[in-house]
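**Q** Take a look at the following structure, please.
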Amino acid sequence: MTALPRYVSSSTSLNRVEHHLRWRRSSRSTGMNNCVETAALSKGALTGLLAVRDSKDTTGPALLFAPTAWNAFLDAVRGEEL
């Protein structure tokens, strides 16, 4: 069994697997595009992971997280632990 990648070098490569990938931007985003976007992956070997990319570079790399890891990160940010 091989380990799944933790990132992809171009978030557009995910579109080859996910034909209608829906990227969601933070509700706290400003018009300056200084936030991140997320997309839930539901097809192929990456099913169940969450992709996160920089909203200023939508064709750039995306980090891949298990939902539990992403939620733990968000909880830490909300709790001002980070």
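Numbering starts fresh at 1 for the residues of each chain in the structure tokens, the chains themselves are lettered A, B, ... in the order given, and ligands are numbered from 1 as they appear.
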Would you give me, as JSON, numbers by chain, the residues in chain A that DSSP reads as alpha helix (DSSP H)?

**A** {"A": [67, 68, 69, 70, 71, 72, 73, 74, 75, 76, 77, 78]}

**Q** Based on the selection just made, write N, CA, C and O atoms of those residues as a tab-separated table (two decimals), in the first residue's frame.

**A**
chain	number	residue	atom	x	y	z
A	67	PRO	N	-10.34	15.08	6.85
A	67	PRO	CA	-11.30	15.98	7.49
A	67	PRO	C	-11.04	16.18	8.99
A	67	PRO	O	-11.18	17.28	9.50
A	68	THR	N	-10.65	15.14	9.68
A	68	THR	CA	-10.41	15.27	11.12
A	68	THR	C	-9.22	16.19	11.40
A	68	THR	O	-9.25	16.98	12.35
A	69	ALA	N	-8.19	16.12	10.58
A	69	ALA	CA	-7.02	17.00	10.76
A	69	ALA	C	-7.40	18.45	10.46
A	69	ALA	O	-6.98	19.36	11.19
A	70	TRP	N	-8.16	18.69	9.41
A	70	TRP	CA	-8.56	20.05	9.07
A	70	TRP	C	-9.46	20.64	10.16
A	70	TRP	O	-9.30	21.78	10.58
A	71	ASN	N	-10.40	19.83	10.66
A	71	ASN	CA	-11.28	20.31	11.72
A	71	ASN	C	-10.52	20.60	13.01
A	71	ASN	O	-10.83	21.57	13.71
A	72	ALA	N	-9.51	19.79	13.32
A	72	ALA	CA	-8.68	20.05	14.51
A	72	ALA	C	-7.92	21.36	14.33
A	72	ALA	O	-7.78	22.15	15.28
A	73	PHE	N	-7.43	21.62	13.13
A	73	PHE	CA	-6.75	22.89	12.84
A	73	PHE	C	-7.71	24.07	13.03
A	73	PHE	O	-7.37	25.05	13.69
A	74	LEU	N	-8.91	23.97	12.46
A	74	LEU	CA	-9.89	25.05	12.59
A	74	LEU	C	-10.26	25.29	14.05
A	74	LEU	O	-10.37	26.44	14.49
A	75	ASP	N	-10.44	24.21	14.81
A	75	ASP	CA	-10.77	24.35	16.23
A	75	ASP	C	-9.64	25.07	16.98
A	75	ASP	O	-9.90	25.91	17.84
A	76	ALA	N	-8.39	24.75	16.64
A	76	ALA	CA	-7.25	25.41	17.29
A	76	ALA	C	-7.21	26.89	16.93
A	76	ALA	O	-6.92	27.73	17.79
A	77	VAL	N	-7.51	27.23	15.68
A	77	VAL	CA	-7.53	28.64	15.28
A	77	VAL	C	-8.64	29.37	16.00
A	77	VAL	O	-8.44	30.46	16.54
A	78	ARG	N	-9.82	28.77	16.01
A	78	ARG	CA	-10.96	29.42	16.68
A	78	ARG	C	-10.70	29.60	18.17
A	78	ARG	O	-11.15	30.58	18.77

**Q** DSSP on the backbone: what in chain A comes out strand (DSSP E or B), as an MDAnalysis selection string?

**A** chainID A and resid 7:8 24:25 36:40 50:54 62:65

**Q** Enter the distance from atom CA of Leu46 of chain A to atom CA of Ser9 of chain A, in Å, rounded to one decimal.

**A**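 Computing it gives 14.6 Å between the two atoms.
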
**Q** What's around His20 of chain A at 12 Å? Count only C-alpha atoms, leave out sequence neighbours fewer than 6 positions away in its own chain, and write the answer as an mmCIF file with N, CA and C atoms, in the first residue's frame.

**A**
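Final output, out.cif:
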data_model
loop_
_atom_site.group_PDB
_atom_site.id
_atom_site.type_symbol
_atom_site.label_atom_id
_atom_site.label_comp_id
_atom_site.auth_asym_id
_atom_site.auth_seq_id
_atom_site.Cartn_x
_atom_site.Cartn_y
_atom_site.Cartn_z
ATOM 1 N N THR A 12 -5.180 22.532 -10.295
ATOM 2 C CA THR A 12 -5.945 22.227 -11.504
ATOM 3 C C THR A 12 -5.851 20.744 -11.857
ATOM 4 N N LEU A 14 -6.393 18.383 -9.933
ATOM 5 C CA LEU A 14 -7.510 17.714 -9.264
ATOM 6 C C LEU A 14 -8.742 17.681 -10.156
ATOM 7 N N ALA A 39 -11.906 22.493 -0.994
ATOM 8 C CA ALA A 39 -12.782 21.661 -1.818
ATOM 9 C C ALA A 39 -12.746 20.238 -1.273
ATOM 10 N N ALA A 40 -13.915 19.645 -1.109
ATOM 11 C CA ALA A 40 -14.009 18.252 -0.671
ATOM 12 C C ALA A 40 -13.842 17.346 -1.887
ATOM 13 N N LEU A 41 -12.979 16.361 -1.759
ATOM 14 C CA LEU A 41 -12.725 15.431 -2.862
ATOM 15 C C LEU A 41 -13.605 14.196 -2.680
ATOM 16 N N SER A 42 -14.304 13.822 -3.733
ATOM 17 C CA SER A 42 -15.266 12.732 -3.604
ATOM 18 C C SER A 42 -15.100 11.632 -4.646
ATOM 19 N N LYS A 43 -14.029 11.689 -5.430
ATOM 20 C CA LYS A 43 -13.821 10.662 -6.454
ATOM 21 C C LYS A 43 -12.370 10.220 -6.463
#

**Q** Report, in Å to a single decimal, how far apart atom CA of Ser29 of chain A and atom CA of Ser13 of chain A are.

**A**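 Value for the atom CA of Ser13 of chain A-atom CA of Ser29 of chain A distance: 24.4 Å.
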
**Q** Suppose you want the space between atom CA of Ser10 of chain A and atom CA of Val52 of chain A; what is it in Å?

**A**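 Those two atoms sit 11.3 Å apart.
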
**Q** With only C-alpha atoms as the atoms that count, which of A:Ala45, A:Leu50, A:Val8, A:Gly79 lies nearest to Leu21 of chain A?

**A** A:Leu50

**Q** For Leu64 of chain A, which residue out of A:Tyr7, A:Arg24, A:Asn33, A:Thr38 is the nearest one, using only C-alpha atoms?

**A** A:Tyr7
